[in-house]
file structure07.pdb (PDB, C-alpha atoms, pLDDT in the B column)
ATOM      1  CA  MET B   1      17.529 -23.498 -19.339  1.00 69.00           C
ATOM      2  CA  GLU B   2      14.340 -21.880 -20.562  1.00 80.00           C
ATOM      3  CA  ASP B   3      12.562 -25.251 -20.464  1.00 85.00           C
ATOM      4  CA  ILE B   4      13.471 -25.712 -16.797  1.00 88.00           C
ATOM      5  CA  MET B   5      12.275 -22.212 -15.925  1.00 90.00           C
ATOM      6  CA  ALA B   6       8.998 -22.826 -17.746  1.00 90.00           C
ATOM      7  CA  MET B   7       8.511 -26.110 -15.870  1.00 91.00           C
ATOM      8  CA  VAL B   8       9.224 -24.416 -12.537  1.00 93.00           C
ATOM      9  CA  LEU B   9       6.739 -21.662 -13.360  1.00 93.00           C
ATOM     10  CA  VAL B  10       4.057 -24.211 -14.303  1.00 93.00           C
ATOM     11  CA  PHE B  11       4.783 -26.135 -11.086  1.00 93.00           C
ATOM     12  CA  ILE B  12       4.405 -22.983  -8.953  1.00 93.00           C
ATOM     13  CA  ILE B  13       1.129 -22.097 -10.652  1.00 93.00           C
ATOM     14  CA  VAL B  14      -0.269 -25.614 -10.157  1.00 90.00           C
ATOM     15  CA  VAL B  15       0.748 -25.659  -6.482  1.00 89.00           C
ATOM     16  CA  PHE B  16      -0.841 -22.244  -5.982  1.00 87.00           C
ATOM     17  CA  ILE B  17      -4.092 -23.381  -7.628  1.00 89.00           C
ATOM     18  CA  ILE B  18      -4.202 -26.510  -5.456  1.00 87.00           C
ATOM     19  CA  LEU B  19      -3.295 -24.819  -2.156  1.00 86.00           C
ATOM     20  CA  MET B  20      -5.419 -21.665  -2.459  1.00 83.00           C
ATOM     21  CA  PRO B  21      -8.807 -23.302  -1.688  1.00 78.00           C
ATOM     22  CA  ILE B  22      -7.280 -25.232   1.219  1.00 80.00           C
ATOM     23  CA  VAL B  23      -5.781 -22.111   2.785  1.00 75.00           C
ATOM     24  CA  ASP B  24      -9.014 -20.201   2.179  1.00 71.00           C
ATOM     25  CA  TYR B  25     -11.035 -22.922   3.927  1.00 70.00           C
ATOM     26  CA  LEU B  26      -8.711 -23.096   6.940  1.00 70.00           C
ATOM     27  CA  PHE B  27      -8.713 -19.358   7.619  1.00 68.00           C
ATOM     28  CA  ARG B  28     -12.296 -18.524   6.693  1.00 73.00           C
ATOM     29  CA  PHE B  29     -14.749 -17.128   9.259  1.00 79.00           C
ATOM     30  CA  ARG B  30     -16.480 -19.854  11.288  1.00 83.00           C
ATOM     31  CA  CYS B  31     -19.857 -18.915  12.770  1.00 88.00           C
ATOM     32  CA  PRO B  32     -19.798 -19.307  16.578  1.00 88.00           C
ATOM     33  CA  ALA B  33     -23.509 -20.217  16.570  1.00 88.00           C
ATOM     34  CA  CYS B  34     -23.742 -22.951  13.928  1.00 91.00           C
ATOM     35  CA  GLY B  35     -20.120 -23.688  12.936  1.00 85.00           C
ATOM     36  CA  SER B  36     -20.727 -22.903   9.261  1.00 85.00           C
ATOM     37  CA  ARG B  37     -17.936 -21.391   7.174  1.00 82.00           C
ATOM     38  CA  ARG B  38     -20.382 -19.518   4.957  1.00 81.00           C
ATOM     39  CA  GLY B  39     -19.743 -16.011   6.289  1.00 82.00           C
ATOM     40  CA  ARG B  40     -19.923 -12.694   4.494  1.00 80.00           C
ATOM     41  CA  LYS B  41     -17.980  -9.637   5.653  1.00 79.00           C
ATOM     42  CA  SER B  42     -20.206  -6.575   5.759  1.00 80.00           C
ATOM     43  CA  ALA B  43     -17.850  -4.010   7.246  1.00 81.00           C
ATOM     44  CA  SER B  44     -14.361  -3.770   8.672  1.00 82.00           C
ATOM     45  CA  GLY B  45     -11.913  -1.121   9.659  1.00 82.00           C
ATOM     46  CA  ARG B  46      -9.601   0.357  12.234  1.00 82.00           C
ATOM     47  CA  TRP B  47     -10.388   2.779  15.011  1.00 77.00           C
ATOM     48  CA  ASP B  48      -8.463   5.058  17.296  1.00 77.00           C
ATOM     49  CA  GLY B  49      -9.734   6.441  20.583  1.00 79.00           C
ATOM     50  CA  VAL B  50      -9.309   6.965  24.323  1.00 78.00           C
ATOM     51  CA  ASN B  51     -10.366   4.428  26.985  1.00 72.00           C
ATOM     52  CA  ASP B  52     -11.949   5.159  30.400  1.00 77.00           C
ATOM     53  CA  GLN B  53      -8.508   5.727  31.976  1.00 82.00           C
ATOM     54  CA  GLY B  54      -7.585   8.350  29.375  1.00 81.00           C
ATOM     55  CA  GLN B  55      -5.112   6.115  27.535  1.00 81.00           C
ATOM     56  CA  ARG B  56      -4.946   6.158  23.750  1.00 78.00           C
ATOM     57  CA  ARG B  57      -6.248   2.882  22.335  1.00 76.00           C
ATOM     58  CA  GLY B  58      -6.816   1.518  18.884  1.00 76.00           C
ATOM     59  CA  GLY B  59      -7.722  -1.654  17.122  1.00 80.00           C
ATOM     60  CA  ALA B  60      -9.457  -3.354  14.242  1.00 84.00           C
ATOM     61  CA  PHE B  61     -13.008  -4.626  13.898  1.00 85.00           C
ATOM     62  CA  SER B  62     -15.016  -6.754  11.478  1.00 87.00           C
ATOM     63  CA  TYR B  63     -18.745  -7.318  11.085  1.00 90.00           C
ATOM     64  CA  MET B  64     -19.776 -10.667   9.602  1.00 90.00           C
ATOM     65  CA  GLU B  65     -23.053 -12.286   8.674  1.00 90.00           C
ATOM     66  CA  CYS B  66     -23.423 -16.074   8.616  1.00 90.00           C
ATOM     67  CA  ARG B  67     -25.154 -17.098   5.388  1.00 88.00           C
ATOM     68  CA  HIS B  68     -26.306 -20.355   6.970  1.00 90.00           C
ATOM     69  CA  CYS B  69     -28.066 -19.217  10.179  1.00 92.00           C
ATOM     70  CA  LEU B  70     -28.182 -15.444   9.358  1.00 90.00           C
ATOM     71  CA  ALA B  71     -26.572 -14.511  12.692  1.00 91.00           C
ATOM     72  CA  HIS B  72     -24.615 -11.233  12.894  1.00 92.00           C
ATOM     73  CA  TRP B  73     -21.218 -11.089  14.566  1.00 92.00           C
ATOM     74  CA  LYS B  74     -18.608  -8.484  15.454  1.00 90.00           C
ATOM     75  CA  LYS B  75     -14.933  -9.341  15.877  1.00 87.00           C
ATOM     76  CA  TYR B  76     -12.985  -7.080  18.180  1.00 82.00           C
ATOM     77  CA  ARG B  77      -9.743  -7.970  19.975  1.00 77.00           C
ATOM     78  CA  GLY B  78      -9.845 -11.503  18.635  1.00 79.00           C
ATOM     79  CA  THR B  79     -13.274 -12.522  19.928  1.00 84.00           C
ATOM     80  CA  TRP B  80     -16.578 -12.838  18.075  1.00 87.00           C
ATOM     81  CA  ASP B  81     -19.566 -11.261  19.848  1.00 90.00           C
ATOM     82  CA  PRO B  82     -23.200 -11.308  18.724  1.00 93.00           C
ATOM     83  CA  VAL B  83     -24.564  -8.046  17.311  1.00 91.00           C
ATOM     84  CA  ASP B  84     -28.110  -6.817  17.866  1.00 89.00           C
ATOM     85  CA  ASP B  85     -30.214  -5.545  14.970  1.00 88.00           C
ATOM     86  CA  ASP B  86     -29.820  -1.857  15.863  1.00 89.00           C
ATOM     87  CA  GLU B  87     -26.006  -1.990  15.887  1.00 87.00           C
ATOM     88  CA  TRP B  88     -26.003  -4.111  12.693  1.00 87.00           C
ATOM     89  CA  LYS B  89     -28.127  -1.564  10.821  1.00 86.00           C
ATOM     90  CA  GLN B  90     -26.010   1.329  12.088  1.00 85.00           C
ATOM     91  CA  ARG B  91     -22.600  -0.205  11.306  1.00 80.00           C
ATOM     92  CA  THR B  92     -23.220  -1.982   8.009  1.00 74.00           C
TER      93      THR B  92
END
call {"tool": "encode", "arguments": {"input": "structure07.pdb", "output": "structure tokens"}}
result
Amino acid sequence: MEDIMAMVLVFIIVVFIILMPIVDYLFRFRCPACGSRRGRKSASGRWDGVNDQGQRRGGAFSYMECRHCLAHWKKYRGTWDPVDDDEWKQRT
């Protein structure tokens, strides 16, 4: 019984080691400008506020830098938008 459990544990570890890089590659940031997957997260967080109509709103944001083309991006509400140098320096 212990041999079977040890084999199952080794199998799970091997599968995890094989699948981890694949999953990482599939879900990694892709630069909208050059298509590279060499991004680096500089800042992220959650915010809470009030919109123009006075309704409470919230969300999450991420700031990324592409290591290939050095472009700066901000993700908010599921879309990547370019970030100018002033905002990049202020937020990261």
call {"tool": "atom_distance", "arguments": {"input": "structure07.pdb", "atom1": "atom CA of Ile17 of chain B", "atom2": "atom CA of His68 of chain B"}}
result
26.8 Å
call {"tool": "resolve_selection", "arguments": {"input": "structure07.pdb", "expression": "the PyMOL selection byres ((chain B and resi 24-40) around 6)", "output": "list of chain:residue names"}}
result
B:Pro21, B:Ile22, B:Val23, B:Lys41, B:Met64, B:Glu65, B:Cys66, B:Arg67
call {"tool": "closest_residue", "arguments": {"input": "structure07.pdb", "among": "B:Ala60, B:Ile12, B:Ala43, B:Leu70", "to": "Arg91 of chain B", "atoms": "all atoms listed in the file"}}
result
B:Ala43
call {"tool": "atom_distance", "arguments": {"input": "structure07.pdb", "atom1": "atom CA of Val83 of chain B", "atom2": "atom CA of Ala71 of chain B"}}
result
8.2 Å
call {"tool": "atom_distance", "arguments": {"input": "structure07.pdb", "atom1": "atom CA of Ile18 of chain B", "atom2": "atom CA of Ala6 of chain B"}}
result
18.4 Å
call {"tool": "residues_near_point", "arguments": {"input": "structure07.pdb", "point": "(-17.9, -12.0, 17.6)", "cutoff": "9 Å", "atoms": "only C-alpha atoms", "output": "list in words"}}
result
Cys31, Pro32, Ser62, Tyr63, Met64, His72, Trp73, Lys74, Lys75, Tyr76, Gly78, Thr79, Trp80, Asp81, Pro82 and Val83 of chain B
call {"tool": "axis_aligned_box", "arguments": {"input": "structure07.pdb", "around": "segment 71-75 of chain B", "padding_each_side": "6 Å", "output": "JSON"}}
result
{"center_x": -20.8, "center_y": -11.5, "center_z": 14.3, "size_x": 23.6, "size_y": 18.0, "size_z": 15.2}
call {"tool": "residues_around", "arguments": {"input": "structure07.pdb", "residues": "Arg57 of chain B", "least_positions_apart": "5", "cutoff": "9 Å", "atoms": "all atoms listed in the file", "output": "number ranges by chain"}}
result
B: 47-51
